[in-house]
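Notes for the one structure printed next.
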Amino acid sequence: MAEQEKQRRQIRSYVLREGRLTRGQQRAFEEFWPRFGINFHRRRLDLARLYGNANPVHLEIGFGNGESIARMAQTHPENNYLGVEVHRPGVGRLLLRTAEAGLANLRIIRHDAVEVLDRCLEDASLEAVYLFFPDPWHKRRHHKRRILKPEFVARLARVIRPGGLFHAATDWQDYAEQMMSVLTTSPDFENRAGKGMYSPRPEYRIPTRFEKRGQRLGHGIWDLVFRRTNSGSGE
Ligand SMILES: C[S@@+](CC[C@H](N)C(=O)[O-])C[C@H]1O[C@@H](n2cnc3c(N)ncnc32)[C@H](O)[C@@H]1O
């Protein structure tokens with residue numbers, strides 16, 4: 001465990017580029033963080049208390065500007081949504097969207113998702129986890145920074161309820177292949193599309209800025225949708 005802790009400190013899946021906040025984003029932090037933001041603490045969250053109901057909770061990791069999660073929260077008021085992102089301007093944008101659309105079912109944490117998974121979430125507390133276009137770290141020497149690796153999948157297996165979903169999308173073929181291999185090897189997940197198969201884009205995942213840029217560069221898009229099995233190493 002001490003070793004795992006050390007590793008996590010050393011290799012992160014992001015480099016913090018703070019960037020400047022616009023006046024609107026700054027105002028969003030002041031006005032809306034108290035309502036929609038959750039300050040990170042090293043303790044489990046009481047999700048039902050947080051949302052004021054026991055509806056299923058869907059987590060998006062690295063939401064960027066928050067287009068996807070805001071849209072999902074708007075079209076699915078019967079679910080709760082939790083967005084985790086480290087990039088402050090992106091968090092500011094999602095705060096603005098959330099407030100403008102009055103999304104009572106959305107909350108945001110600005111912190112490393114790996115630590116949020118470990119520290120803040122109870123076993124089997126999530127209905128679904130989304131990882132859309134994670135940083136590809138495409139140079140071979142940076143591959144170790146890719147977030148989706150066996151340790152990460154084990155973390156997901158703990159927090160996703162049996163029968164719940166993990167959905168990843170990428171526009172980098174070799175990352176898609178790595179994701180497929182890591183997920184296929186896990187005893188805790190099974191591929192909804194069939195062994196080794198990619199899924200068509202589900203309607204709830206709207207194409208984002210990153211995806212459109214990837215398409216302009218001639219990249220393909222790969223969606224992987226896996227179901228948490230009822231048994232496996234995490235049981
Ligand atoms: C390439 S962007 C994709 C953004 C968005 N999902 C989309 O499809 O447009 C990846 C995002 O993941 C965030 N990120 C990377 N590692 C993270 C981590 N460990 N915890 C939280 N966010 C992370 C980055 O800050 C960045 O905004």
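Labeling convention for the structure tokens: chains A, B, ... as they appear, residues from 1 per chain, ligands from 1 in order of appearance.
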
I'd like the neighbourhood of Arg71 of chain A as an mmCIF file with C-alpha atoms, in the first residue's frame, where a residue qualifies if any of its atoms comes within 9 Å (using only C-alpha atoms), though same-chain residues fewer than 6 positions away should be ignored.
data_model
loop_
_atom_site.group_PDB
_atom_site.id
_atom_site.type_symbol
_atom_site.label_atom_id
_atom_site.label_comp_id
_atom_site.auth_asym_id
_atom_site.auth_seq_id
_atom_site.Cartn_x
_atom_site.Cartn_y
_atom_site.Cartn_z
ATOM 1 C CA TYR A 204 -25.806 9.925 -24.180
ATOM 2 C CA ARG A 205 -22.187 10.643 -25.221
ATOM 3 C CA ILE A 206 -22.299 13.813 -27.281
#

Check the DSSP output for the backbone and give back, as a ChimeraX atom specification, the residues of segment 2-90 of chain A in helix (DSSP H, G or I).
-> /A:2-10,23-36,47-51,67-75,88-90

For the residues in the current selection, export C-alpha atoms as a PDB file, in the first residue's frame.
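Resulting contents of result.pdb:
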ATOM      1  CA  ALA A   2       2.849   2.368   0.912  1.00  0.00           C
ATOM      2  CA  GLU A   3       4.374   1.446  -2.446  1.00  0.00           C
ATOM      3  CA  GLN A   4       1.107   2.186  -4.268  1.00  0.00           C
ATOM      4  CA  GLU A   5       0.874   5.527  -2.478  1.00  0.00           C
ATOM      5  CA  LYS A   6       4.397   6.396  -3.554  1.00  0.00           C
ATOM      6  CA  GLN A   7       3.648   5.495  -7.175  1.00  0.00           C
ATOM      7  CA  ARG A   8       0.548   7.614  -7.227  1.00  0.00           C
ATOM      8  CA  ARG A   9       2.503  10.608  -6.014  1.00  0.00           C
ATOM      9  CA  GLN A  10       5.097  10.132  -8.694  1.00  0.00           C
ATOM     10  CA  ARG A  23     -14.259  36.937 -15.189  1.00  0.00           C
ATOM     11  CA  GLY A  24     -17.301  34.714 -15.709  1.00  0.00           C
ATOM     12  CA  GLN A  25     -15.450  31.627 -14.450  1.00  0.00           C
ATOM     13  CA  GLN A  26     -14.131  33.561 -11.456  1.00  0.00           C
ATOM     14  CA  ARG A  27     -17.637  34.694 -10.627  1.00  0.00           C
ATOM     15  CA  ALA A  28     -18.850  31.119 -11.064  1.00  0.00           C
ATOM     16  CA  PHE A  29     -16.397  29.923  -8.394  1.00  0.00           C
ATOM     17  CA  GLU A  30     -17.478  32.645  -5.999  1.00  0.00           C
ATOM     18  CA  GLU A  31     -21.206  32.301  -6.547  1.00  0.00           C
ATOM     19  CA  PHE A  32     -21.775  28.672  -7.485  1.00  0.00           C
ATOM     20  CA  TRP A  33     -18.999  26.596  -5.907  1.00  0.00           C
ATOM     21  CA  PRO A  34     -20.762  26.573  -2.521  1.00  0.00           C
ATOM     22  CA  ARG A  35     -23.844  25.081  -4.201  1.00  0.00           C
ATOM     23  CA  PHE A  36     -22.387  22.653  -6.749  1.00  0.00           C
ATOM     24  CA  LEU A  47     -23.862  10.560  -1.705  1.00  0.00           C
ATOM     25  CA  ALA A  48     -27.542  10.344  -0.757  1.00  0.00           C
ATOM     26  CA  ARG A  49     -27.113  13.273   1.603  1.00  0.00           C
ATOM     27  CA  LEU A  50     -25.174  15.232  -0.969  1.00  0.00           C
ATOM     28  CA  TYR A  51     -27.883  15.013  -3.636  1.00  0.00           C
ATOM     29  CA  GLU A  67     -20.250  19.541 -22.144  1.00  0.00           C
ATOM     30  CA  SER A  68     -20.942  15.821 -21.805  1.00  0.00           C
ATOM     31  CA  ILE A  69     -21.784  15.673 -18.127  1.00  0.00           C
ATOM     32  CA  ALA A  70     -23.957  18.803 -18.278  1.00  0.00           C
ATOM     33  CA  ARG A  71     -25.914  17.304 -21.171  1.00  0.00           C
ATOM     34  CA  MET A  72     -26.286  13.937 -19.416  1.00  0.00           C
ATOM     35  CA  ALA A  73     -27.450  15.623 -16.204  1.00  0.00           C
ATOM     36  CA  GLN A  74     -29.966  17.688 -18.134  1.00  0.00           C
ATOM     37  CA  THR A  75     -31.428  14.806 -20.121  1.00  0.00           C
ATOM     38  CA  ARG A  88      -9.719  25.057 -12.943  1.00  0.00           C
ATOM     39  CA  PRO A  89     -11.002  26.882 -16.058  1.00  0.00           C
ATOM     40  CA  GLY A  90     -12.877  23.718 -17.089  1.00  0.00           C
TER      41      GLY A  90
END

All residues 10 Å or closer to His142 of chain A, only C-alpha atoms, same chain fewer than 4 positions away omitted, as a ChimeraX atom specification | /A:11,13,136-138,146

Could those residues be written to a file, using C-alpha atoms, as an mmCIF file, in the first residue's frame?
data_model
loop_
_atom_site.group_PDB
_atom_site.id
_atom_site.type_symbol
_atom_site.label_atom_id
_atom_site.label_comp_id
_atom_site.auth_asym_id
_atom_site.auth_seq_id
_atom_site.Cartn_x
_atom_site.Cartn_y
_atom_site.Cartn_z
ATOM 1 C CA ILE A 11 3.104 9.422 -11.828
ATOM 2 C CA SER A 13 -2.183 11.345 -15.534
ATOM 3 C CA PRO A 136 -3.445 10.132 -24.678
ATOM 4 C CA TRP A 137 0.179 10.668 -23.632
ATOM 5 C CA HIS A 138 1.044 9.429 -27.087
ATOM 6 C CA ARG A 146 -2.040 7.005 -19.120
#

Test item: residues no farther than 7 Å from ligand 1, counting only C-alpha atoms and all ligand atoms, as a list in words = Arg12, Ser13, Tyr14, Ile61, Gly62, Phe63, Gly64, Asn65, Gly66, Val84, Glu85, Val86, His87, Gly90, His111, Asp112, Ala113, Val114, Leu131, Phe132, Phe133, Pro134, Asp135, Ile147, Thr208, Arg209, Phe210 and Glu211 of chain A

Quick one: distance from atom CA of Gly92 of chain A to atom CA of His76 of chain A in Å, one decimal?
->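 It comes out at 22.1 Å.
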
May I have the residues within 7 Å of segment 160-172 of chain A as a ChimeraX atom specification, using only C-alpha atoms and disregarding those fewer than 3 positions away in the same chain?
-> /A:124-134,136,156-157,175-176,211,214,219-230

Dump C-alpha atoms for the selected residues as a PDB file, in the first residue's frame?
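Okay, part.pdb is ready:
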ATOM      1  CA  ALA A 124     -20.331  -0.372  -5.151  1.00  0.00           C
ATOM      2  CA  SER A 125     -21.616   3.201  -4.811  1.00  0.00           C
ATOM      3  CA  LEU A 126     -21.679   4.092  -8.515  1.00  0.00           C
ATOM      4  CA  GLU A 127     -23.999   3.139 -11.342  1.00  0.00           C
ATOM      5  CA  ALA A 128     -21.576   4.166 -14.092  1.00  0.00           C
ATOM      6  CA  VAL A 129     -18.175   5.738 -14.710  1.00  0.00           C
ATOM      7  CA  TYR A 130     -17.310   7.648 -17.881  1.00  0.00           C
ATOM      8  CA  LEU A 131     -13.810   8.361 -19.150  1.00  0.00           C
ATOM      9  CA  PHE A 132     -14.111  10.303 -22.385  1.00  0.00           C
ATOM     10  CA  PHE A 133     -10.947  11.152 -24.316  1.00  0.00           C
ATOM     11  CA  PRO A 134      -8.429  10.854 -21.485  1.00  0.00           C
ATOM     12  CA  PRO A 136      -3.445  10.132 -24.678  1.00  0.00           C
ATOM     13  CA  LEU A 156     -13.178   1.142 -10.777  1.00  0.00           C
ATOM     14  CA  ALA A 157     -14.193  -2.414  -9.927  1.00  0.00           C
ATOM     15  CA  TYR A 175      -4.699   3.703 -26.494  1.00  0.00           C
ATOM     16  CA  ALA A 176      -7.985   2.062 -27.560  1.00  0.00           C
ATOM     17  CA  GLU A 211     -13.461  14.504 -30.404  1.00  0.00           C
ATOM     18  CA  GLY A 214      -9.477  14.329 -33.410  1.00  0.00           C
ATOM     19  CA  HIS A 219      -8.392  10.000 -36.109  1.00  0.00           C
ATOM     20  CA  GLY A 220     -10.991   7.295 -35.634  1.00  0.00           C
ATOM     21  CA  ILE A 221     -13.132   7.097 -32.486  1.00  0.00           C
ATOM     22  CA  TRP A 222     -13.289   4.024 -30.273  1.00  0.00           C
ATOM     23  CA  ASP A 223     -15.925   3.501 -27.565  1.00  0.00           C
ATOM     24  CA  LEU A 224     -15.521   0.699 -25.014  1.00  0.00           C
ATOM     25  CA  VAL A 225     -18.523  -0.153 -22.843  1.00  0.00           C
ATOM     26  CA  PHE A 226     -17.949  -2.747 -20.125  1.00  0.00           C
ATOM     27  CA  ARG A 227     -20.281  -4.122 -17.473  1.00  0.00           C
ATOM     28  CA  ARG A 228     -19.139  -4.764 -13.910  1.00  0.00           C
ATOM     29  CA  THR A 229     -19.546  -8.485 -13.392  1.00  0.00           C
ATOM     30  CA  ASN A 230     -21.306  -9.929 -10.344  1.00  0.00           C
TER      31      ASN A 230
END

Take atom CA of Glu122 of chain A and atom CA of Val159 of chain A and report the distance between them in Å, one decimal.
->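 Atom-to-atom, atom CA of Glu122 of chain A and atom CA of Val159 of chain A are spaced 6.3 Å apart.
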
Give the answer as one residue: which of A:Ser186, A:Val15, A:Cys120, A:Arg192 has the shortest atom-to-atom distance to Lys149 of chain A, using only C-alpha atoms?
-> A:Ser186

To one decimal place, how far is atom CA of Glu115 of chain A from atom CA of Gln178 of chain A in Å?
-> 22.4 Å

Find the residues near Gly83 of chain A: any atom within 7 Å, counting only C-alpha atoms, skip ones fewer than 5 places away on the same chain, and give them as a count of residues only.
-> 7

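The closest residue to Leu117 of chain A, picked from A:Met197, A:Ala54, A:Leu82, A:Leu183 and counting only C-alpha atoms, is A:Leu82.
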
Shell around Ala154 of chain A at 8 Å using only C-alpha atoms, local window under 3 positions removed, as a list in words = Pro150, Glu151, Ala157, Arg158, Ser186, Asp188 and Gly234 of chain A
